[in-house]
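> What follows is the file data.cif, containing mmCIF, C-alpha atoms:
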```cif
data_model
#
loop_
_atom_site.group_PDB
_atom_site.id
_atom_site.type_symbol
_atom_site.label_atom_id
_atom_site.label_comp_id
_atom_site.auth_asym_id
_atom_site.auth_seq_id
_atom_site.Cartn_x
_atom_site.Cartn_y
_atom_site.Cartn_z
ATOM 1 C CA ARG A 147 77.102 46.791 48.316
ATOM 2 C CA ARG A 148 80.541 45.194 48.169
ATOM 3 C CA GLU A 149 83.394 47.642 48.367
ATOM 4 C CA GLU A 150 85.772 47.586 45.440
ATOM 5 C CA SER A 151 89.436 47.074 46.214
ATOM 6 C CA THR A 152 90.766 49.665 43.772
ATOM 7 C CA PRO A 153 93.283 51.841 45.653
ATOM 8 C CA THR A 154 92.839 55.574 45.883
ATOM 9 C CA THR A 155 96.354 56.426 47.100
ATOM 10 C CA GLY A 156 99.547 54.556 47.775
ATOM 11 C CA ARG A 157 100.844 51.732 45.607
ATOM 12 C CA GLU A 158 100.009 48.065 45.419
ATOM 13 C CA SER A 159 101.845 45.191 43.809
ATOM 14 C CA ILE A 160 101.134 41.478 43.596
ATOM 15 C CA CYS A 161 103.840 38.824 43.842
ATOM 16 C CA GLY A 162 103.875 35.966 41.369
ATOM 17 C CA SER A 163 103.384 32.285 42.086
ATOM 18 C CA PRO A 164 104.552 30.753 45.376
ATOM 19 C CA GLY A 165 107.327 28.870 43.593
ATOM 20 C CA GLY A 166 108.685 32.070 42.091
ATOM 21 C CA MET A 167 108.956 34.010 45.320
ATOM 22 C CA GLU A 168 112.411 32.676 46.162
ATOM 23 C CA LYS A 169 113.587 33.176 42.581
ATOM 24 C CA GLY A 170 113.149 36.910 42.335
ATOM 25 C CA GLY A 171 109.376 37.208 42.501
ATOM 26 C CA LEU A 172 109.453 39.230 45.710
ATOM 27 C CA GLY A 173 112.084 41.596 44.359
ATOM 28 C CA GLN A 174 110.091 42.201 41.194
ATOM 29 C CA ALA A 175 106.965 42.933 43.212
ATOM 30 C CA LEU A 176 108.802 45.375 45.478
ATOM 31 C CA VAL A 177 110.275 47.207 42.502
ATOM 32 C CA GLY A 178 106.861 47.208 40.820
ATOM 33 C CA ALA A 179 105.443 48.898 43.910
ATOM 34 C CA GLY A 180 108.003 51.680 43.549
ATOM 35 C CA LEU A 181 110.101 50.818 46.593
ATOM 36 C CA ALA A 182 113.723 51.828 46.924
ATOM 37 C CA GLY A 183 116.637 50.579 48.971
ATOM 38 C CA GLY A 184 116.727 51.713 52.582
ATOM 39 C CA GLN A 185 112.955 51.866 53.022
ATOM 40 C CA LEU A 186 111.441 49.970 55.948
ATOM 41 C CA VAL A 187 109.587 46.999 54.480
ATOM 42 C CA CYS A 188 107.842 44.591 56.863
ATOM 43 C CA HIS A 189 106.067 41.292 56.409
ATOM 44 C CA SER A 190 102.771 41.285 58.278
ATOM 45 C CA ASP A 191 99.930 38.958 59.228
ATOM 46 C CA GLU A 192 97.319 38.357 61.932
ATOM 47 C CA MET A 193 96.881 35.503 64.380
ATOM 48 C CA ARG A 194 93.599 34.695 66.072
ATOM 49 C CA LEU A 195 94.046 34.182 69.800
ATOM 50 C CA GLY A 196 91.206 32.636 71.749
ATOM 51 C CA LEU A 197 90.194 30.424 74.612
ATOM 52 C CA ARG A 198 89.544 27.519 72.278
ATOM 53 C CA GLY A 199 92.718 25.835 73.515
ATOM 54 C CA GLN A 200 95.061 23.466 71.702
ATOM 55 C CA VAL A 201 96.900 20.445 73.037
ATOM 56 C CA ARG A 202 100.672 20.441 72.702
ATOM 57 C CA ARG A 203 103.290 17.704 72.481
ATOM 58 C CA VAL A 204 104.569 17.009 75.998
ATOM 59 C CA TRP A 205 106.818 14.532 77.760
ATOM 60 C CA GLY A 206 105.146 11.590 79.506
ATOM 61 C CA ILE A 207 105.837 8.222 81.061
ATOM 62 C CA ARG A 208 105.987 5.337 78.620
ATOM 63 C CA GLY A 209 102.805 3.299 78.798
ATOM 64 C CA VAL A 210 100.870 5.980 80.676
ATOM 65 C CA LYS A 211 98.234 7.876 78.698
ATOM 66 C CA VAL A 212 98.800 11.623 78.715
ATOM 67 C CA ARG A 213 95.752 13.777 79.411
ATOM 68 C CA GLN A 214 95.672 17.508 78.766
ATOM 69 C CA ARG A 215 92.982 19.948 79.807
ATOM 70 C CA VAL A 216 91.920 22.518 77.219
ATOM 71 C CA GLU A 217 89.575 25.486 77.345
ATOM 72 C CA CYS A 218 86.542 25.459 75.053
ATOM 73 C CA THR A 219 85.267 29.031 75.293
ATOM 74 C CA TYR A 220 84.388 30.839 72.079
ATOM 75 C CA GLN A 221 86.078 34.123 72.864
ATOM 76 C CA TRP A 222 88.907 35.589 70.846
ATOM 77 C CA CYS A 223 90.812 38.593 69.533
ATOM 78 C CA TYR A 224 93.507 39.092 66.900
ATOM 79 C CA LEU A 225 97.212 39.814 67.119
ATOM 80 C CA ALA A 226 98.506 41.893 64.204
ATOM 81 C CA LEU A 227 102.252 41.496 63.759
ATOM 82 C CA ALA A 228 104.860 43.010 61.459
ATOM 83 C CA VAL A 229 108.504 41.943 61.277
ATOM 84 C CA ASP A 230 111.493 43.238 59.344
ATOM 85 C CA THR A 231 114.728 41.477 58.420
ATOM 86 C CA LEU A 232 116.746 43.443 60.985
ATOM 87 C CA GLY A 233 114.902 41.714 63.814
ATOM 88 C CA ALA A 234 112.383 44.393 64.793
ATOM 89 C CA LEU A 235 108.808 43.489 65.742
ATOM 90 C CA TYR A 236 105.685 45.651 65.685
ATOM 91 C CA TRP A 237 102.342 44.473 67.033
ATOM 92 C CA GLN A 238 98.846 45.542 67.992
ATOM 93 C CA TRP A 239 95.752 43.815 69.342
ATOM 94 C CA LEU A 240 92.587 44.002 67.240
ATOM 95 C CA ALA A 241 89.018 43.142 68.175
ATOM 96 C CA ASN A 242 88.311 41.999 64.601
ATOM 97 C CA LEU A 243 89.719 42.153 61.080
ATOM 98 C CA LYS A 244 87.146 44.500 59.572
ATOM 99 C CA LYS A 245 88.388 47.179 57.210
ATOM 100 C CA GLU A 246 88.051 49.956 59.807
ATOM 101 C CA GLN A 247 90.333 48.155 62.262
ATOM 102 C CA VAL A 248 92.854 47.222 59.586
ATOM 103 C CA ALA A 249 92.932 50.759 58.176
ATOM 104 C CA GLN A 250 93.683 52.208 61.616
ATOM 105 C CA LEU A 251 96.391 49.604 62.102
ATOM 106 C CA VAL A 252 98.058 50.634 58.841
ATOM 107 C CA ARG A 253 97.844 54.299 59.863
ATOM 108 C CA ASP A 254 99.535 53.524 63.157
ATOM 109 C CA TRP A 255 102.297 51.550 61.480
ATOM 110 C CA ARG A 256 102.796 54.300 58.941
ATOM 111 C CA GLU A 257 103.313 56.694 61.846
ATOM 112 C CA ALA A 258 105.857 54.191 63.208
ATOM 113 C CA GLU A 259 107.755 54.811 59.928
ATOM 114 C CA ILE A 260 106.976 51.479 58.288
ATOM 115 C CA GLU A 261 106.937 52.311 54.582
ATOM 116 C CA ALA A 262 105.594 49.098 53.045
ATOM 117 C CA LEU A 263 103.786 45.934 54.102
ATOM 118 C CA VAL A 264 104.041 42.524 52.482
ATOM 119 C CA TRP A 265 101.010 40.425 53.431
ATOM 120 C CA ASP A 266 98.295 38.116 52.132
ATOM 121 C CA ASN A 267 95.066 38.886 50.286
ATOM 122 C CA ALA A 268 92.707 38.744 53.259
ATOM 123 C CA PRO A 269 89.492 40.728 52.588
ATOM 124 C CA GLY A 270 90.387 43.351 55.180
ATOM 125 C CA HIS A 271 93.741 43.919 53.473
ATOM 126 C CA LYS A 272 92.174 44.658 50.086
ATOM 127 C CA ALA A 273 89.563 47.201 51.121
ATOM 128 C CA ARG A 274 89.737 50.639 49.546
ATOM 129 C CA MET A 275 89.755 52.187 53.023
ATOM 130 C CA VAL A 276 93.011 50.329 53.752
ATOM 131 C CA SER A 277 94.782 51.119 50.491
ATOM 132 C CA GLY A 278 93.591 54.695 50.848
ATOM 133 C CA VAL A 279 95.836 55.171 53.880
ATOM 134 C CA GLY A 280 98.730 55.559 51.454
ATOM 135 C CA MET A 281 100.974 52.745 52.660
ATOM 136 C CA THR A 282 102.706 50.759 49.915
ATOM 137 C CA LEU A 283 101.149 47.271 49.990
ATOM 138 C CA VAL A 284 102.568 44.143 48.383
ATOM 139 C CA SER A 285 100.370 41.045 48.225
ATOM 140 C CA LEU A 286 101.730 37.534 48.658
ATOM 141 C CA PRO A 287 100.481 34.662 46.477
ATOM 142 C CA PRO A 288 97.301 33.012 47.801
ATOM 143 C CA TYR A 289 97.443 30.006 50.114
ATOM 144 C CA ALA A 290 101.152 30.402 50.867
ATOM 145 C CA PRO A 291 101.601 31.233 54.581
ATOM 146 C CA GLU A 292 105.031 29.580 54.446
ATOM 147 C CA LEU A 293 106.247 32.638 52.507
ATOM 148 C CA ASN A 294 105.486 35.029 55.370
ATOM 149 C CA PRO A 295 108.075 35.150 58.188
ATOM 150 C CA ALA A 296 105.446 36.585 60.542
ATOM 151 C CA GLU A 297 104.025 33.054 60.612
ATOM 152 C CA ARG A 298 107.300 31.838 62.111
ATOM 153 C CA ILE A 299 106.789 34.174 65.064
ATOM 154 C CA PHE A 300 103.229 32.890 65.447
ATOM 155 C CA GLU A 301 104.600 29.344 65.658
ATOM 156 C CA GLU A 302 106.869 30.390 68.519
ATOM 157 C CA LEU A 303 104.009 32.100 70.319
ATOM 158 C CA ARG A 304 101.708 29.094 70.016
ATOM 159 C CA ARG A 305 104.479 26.806 71.224
ATOM 160 C CA SER A 306 104.898 28.972 74.320
ATOM 161 C CA VAL A 307 101.298 29.734 75.263
ATOM 162 C CA GLU A 308 99.108 26.829 74.158
ATOM 163 C CA GLY A 309 98.419 23.743 76.241
ATOM 164 C CA ARG A 310 97.560 25.733 79.387
ATOM 165 C CA ILE A 311 94.406 26.874 81.135
ATOM 166 C CA TYR A 312 94.131 30.663 81.472
ATOM 167 C CA GLY A 313 90.580 31.297 82.610
ATOM 168 C CA SER A 314 90.257 34.572 80.719
ATOM 169 C CA LEU A 315 91.258 35.988 77.364
ATOM 170 C CA GLU A 316 93.067 38.882 79.048
ATOM 171 C CA LYS A 317 95.343 36.473 80.920
ATOM 172 C CA LYS A 318 96.190 34.654 77.716
ATOM 173 C CA LYS A 319 96.862 37.956 75.945
ATOM 174 C CA ALA A 320 99.159 38.964 78.798
ATOM 175 C CA ARG A 321 101.126 35.731 78.358
ATOM 176 C CA VAL A 322 101.498 36.373 74.635
ATOM 177 C CA GLU A 323 102.545 39.939 75.395
ATOM 178 C CA GLU A 324 105.314 38.636 77.656
ATOM 179 C CA GLU A 325 106.627 36.461 74.847
ATOM 180 C CA LEU A 326 106.472 39.319 72.342
ATOM 181 C CA VAL A 327 108.379 41.657 74.651
ATOM 182 C CA ALA A 328 111.036 38.989 75.180
ATOM 183 C CA LEU A 329 111.359 38.437 71.430
ATOM 184 C CA ALA A 330 111.510 42.158 70.687
ATOM 185 C CA ALA A 331 114.346 42.478 73.200
ATOM 186 C CA ASP A 332 116.329 39.821 71.316
ATOM 187 C CA PRO A 333 116.659 40.957 67.674
ATOM 188 C CA GLY A 334 119.228 38.239 67.043
ATOM 189 C CA ARG A 335 116.673 35.546 67.772
ATOM 190 C CA VAL A 336 114.070 37.274 65.606
ATOM 191 C CA LYS A 337 116.590 37.413 62.753
ATOM 192 C CA GLN A 338 117.292 33.693 63.137
ATOM 193 C CA LEU A 339 113.565 33.023 62.829
ATOM 194 C CA CYS A 340 112.609 35.542 60.156
ATOM 195 C CA SER A 341 115.579 36.945 58.244
ATOM 196 C CA TRP A 342 115.369 34.558 55.296
ATOM 197 C CA SER A 343 118.081 34.826 52.663
ATOM 198 C CA TRP A 344 115.747 35.311 49.687
ATOM 199 C CA ILE A 345 113.925 38.151 51.452
ATOM 200 C CA ARG A 346 117.217 39.863 52.312
ATOM 201 C CA ALA A 347 118.363 39.437 48.703
ATOM 202 C CA ALA A 348 115.162 41.047 47.391
ATOM 203 C CA LEU A 349 115.601 44.058 49.689
ATOM 204 C CA GLU A 350 119.310 44.433 48.962
ATOM 205 C CA GLN A 351 118.661 44.543 45.217
ATOM 206 C CA LEU A 352 116.224 47.457 45.407
ATOM 207 C CA PRO A 353 117.451 50.557 43.542
ATOM 208 C CA LEU A 354 118.781 53.405 45.662
#
```
Could you take the file, read its structure, and then write that structure out as structure tokens?

Amino acid sequence: RREESTPTTGRESICGSPGGMEKGGLGQALVGAGLAGGQLVCHSDEMRLGLRGQVRRVWGIRGVKVRQRVECTYQWCYLALAVDTLGALYWQWLANLKKEQVAQLVRDWREAEIEALVWDNAPGHKARMVSGVGMTLVSLPPYAPELNPAERIFEELRRSVEGRIYGSLEKKKARVEEELVALAADPGRVKQLCSWSWIRAALEQLPL
């Protein structure tokens, strides 16, 4: 039996169309979810990390064909990431994106004092078990990853870790972890990547 997505506790709100997000759509959705100024609101998403490697753009000698080795092992895990406009990062590793894993993730982030998540409509995000945690959840428009600043962090991670041979998933995870720690220690860089003006405006306009 499919589980219905009707929440039991907490509040949910859905943003409008992708084109309206930068014109007040995010602010309206945050207000509709009952959020107030000063609350910790994070954008969140998940990235699949595996040993199915990707080639990267590299420097080479003109006229000489560049060859890159890639891994082709079907083994993976997921990085769950949340980012706020002040430059803070929160992350956890997940074995899968089933509702049980996602619900525990939301519980952990609620304990870390995150008060609301803005994310997409992935099936694991809409499960009643997840909404039942009590976190305020705001859904982005479908098929619009460019509206989620967490994706900008994922781009940086892929740029840093792909195009290499690791030999094991744990070694690749460790490399990603190094990059995350370095980013978390540099809030200014995170803000440059993720603190978009229209998101800041939506948060600043929330009622006190």
> Would you kindly return, as a PDB file with C-alpha atoms, keeping the file's coordinate frame, each protein, DNA or RNA residue with an atom no farther than 9 Å from any atom of stretch 298-307 of chain A, considering all atoms listed in the file and excluding same-chain residues fewer than 2 positions away?

```pdb
ATOM      1  CA  GLU A 192      97.319  38.357  61.932  1.00  0.00           C
ATOM      2  CA  MET A 193      96.881  35.503  64.380  1.00  0.00           C
ATOM      3  CA  GLN A 200      95.061  23.466  71.702  1.00  0.00           C
ATOM      4  CA  ARG A 202     100.672  20.441  72.702  1.00  0.00           C
ATOM      5  CA  LEU A 227     102.252  41.496  63.759  1.00  0.00           C
ATOM      6  CA  VAL A 229     108.504  41.943  61.277  1.00  0.00           C
ATOM      7  CA  GLU A 292     105.031  29.580  54.446  1.00  0.00           C
ATOM      8  CA  ASN A 294     105.486  35.029  55.370  1.00  0.00           C
ATOM      9  CA  PRO A 295     108.075  35.150  58.188  1.00  0.00           C
ATOM     10  CA  ALA A 296     105.446  36.585  60.542  1.00  0.00           C
ATOM     11  CA  GLY A 309      98.419  23.743  76.241  1.00  0.00           C
ATOM     12  CA  ARG A 310      97.560  25.733  79.387  1.00  0.00           C
ATOM     13  CA  LYS A 318      96.190  34.654  77.716  1.00  0.00           C
ATOM     14  CA  ARG A 321     101.126  35.731  78.358  1.00  0.00           C
ATOM     15  CA  VAL A 322     101.498  36.373  74.635  1.00  0.00           C
ATOM     16  CA  GLU A 325     106.627  36.461  74.847  1.00  0.00           C
ATOM     17  CA  LEU A 326     106.472  39.319  72.342  1.00  0.00           C
ATOM     18  CA  LEU A 329     111.359  38.437  71.430  1.00  0.00           C
ATOM     19  CA  VAL A 336     114.070  37.274  65.606  1.00  0.00           C
ATOM     20  CA  LEU A 339     113.565  33.023  62.829  1.00  0.00           C
ATOM     21  CA  CYS A 340     112.609  35.542  60.156  1.00  0.00           C
TER      22      CYS A 340
END
```
> Considering all atoms listed in the file, can you say which of A:Val327, A:Val210, A:Val284, A:Ala262 comes closest to A:Gly183?
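Closest to A:Gly183 of all the choices is A:Ala262.
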> Applying 8 Å and only C-alpha atoms, which residues near stretch 256-261 of chain A remain after dropping the ones on its own chain fewer than 5 positions away? List them as a ChimeraX atom specification.
/A:185-188,281-282
> Using only C-alpha atoms, which residue out of A:Asp266, A:Glu158, A:Asp254, A:Glu217 lies closest to A:Pro288?
A:Asp266
> Apply the PyMOL selection byres ((chain A and resi 293) around 12) to the displayed file and report the matching residues as a VMD selection string.
chain A and resid 161 to 168 171 to 172 189 to 191 264 to 266 285 to 292 294 to 298 340 to 342 344 to 345
> Neighbouring residues of A:Val248 were defined as those with any atom within 10 Å, considering only C-alpha atoms; residues of the same chain fewer than 4 positions away were excluded. Please report them as an MDAnalysis selection string.
chainID A and resid 226 240 242:244 252:254 270:273 275:276
> Those residues with C-alpha atoms, as a short mmCIF file (atom, residue, chain, number, x, y, z; two decimals), in the frame of the given file please?

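Wrote it out as out-v8.cif, contents follow:
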```
data_model
loop_
_atom_site.label_atom_id
_atom_site.label_comp_id
_atom_site.auth_asym_id
_atom_site.auth_seq_id
_atom_site.Cartn_x
_atom_site.Cartn_y
_atom_site.Cartn_z
CA ALA A 226 98.51 41.89 64.20
CA LEU A 240 92.59 44.00 67.24
CA ASN A 242 88.31 42.00 64.60
CA LEU A 243 89.72 42.15 61.08
CA LYS A 244 87.15 44.50 59.57
CA VAL A 252 98.06 50.63 58.84
CA ARG A 253 97.84 54.30 59.86
CA ASP A 254 99.54 53.52 63.16
CA GLY A 270 90.39 43.35 55.18
CA HIS A 271 93.74 43.92 53.47
CA LYS A 272 92.17 44.66 50.09
CA ALA A 273 89.56 47.20 51.12
CA MET A 275 89.76 52.19 53.02
CA VAL A 276 93.01 50.33 53.75
#
```
> Suppose you want the space between atom CA of A:Asp332 and atom CA of A:Gly233; what is it in Å?
7.9 Å
> For a test of reading the model, state the distance in Å between atom CA of A:Ala241 and atom CA of A:Trp255, rounded to one decimal.
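According to the coordinates, atom CA of A:Ala241 and atom CA of A:Trp255 are separated by 17.1 Å.
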> Atom CA of A:Gly334 and atom CA of A:Leu354, how far apart in Å?
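Separating atom CA of A:Leu354 from atom CA of A:Gly334 is a distance of 26.2 Å.
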> Can you give me, as a list of chain:residue names, the residues this file yields under the PyMOL selection byres ((chain A and resi 179) around 9)?
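For this structure, the PyMOL selection byres ((chain A and resi 179) around 9) resolves to A:Arg157, A:Glu158, A:Ser159, A:Ile160, A:Gln174, A:Ala175, A:Leu176, A:Val177, A:Gly178, A:Gly180, A:Leu181, A:Thr282, A:Leu283, A:Val284.
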> Once the PyMOL selection byres ((chain A and resi 220) around 9) is applied to the coordinates I shared, what remains selected? I want it as a PyMOL selection string.
chain A and resi 196-198+218-219+221-222
> For a quick check of understanding, using only C-alpha atoms, which of A:Ala182, A:Ala320, A:Ile311, A:Val216 has the smallest distance to A:Pro353?
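Nearest to A:Pro353: A:Ala182.
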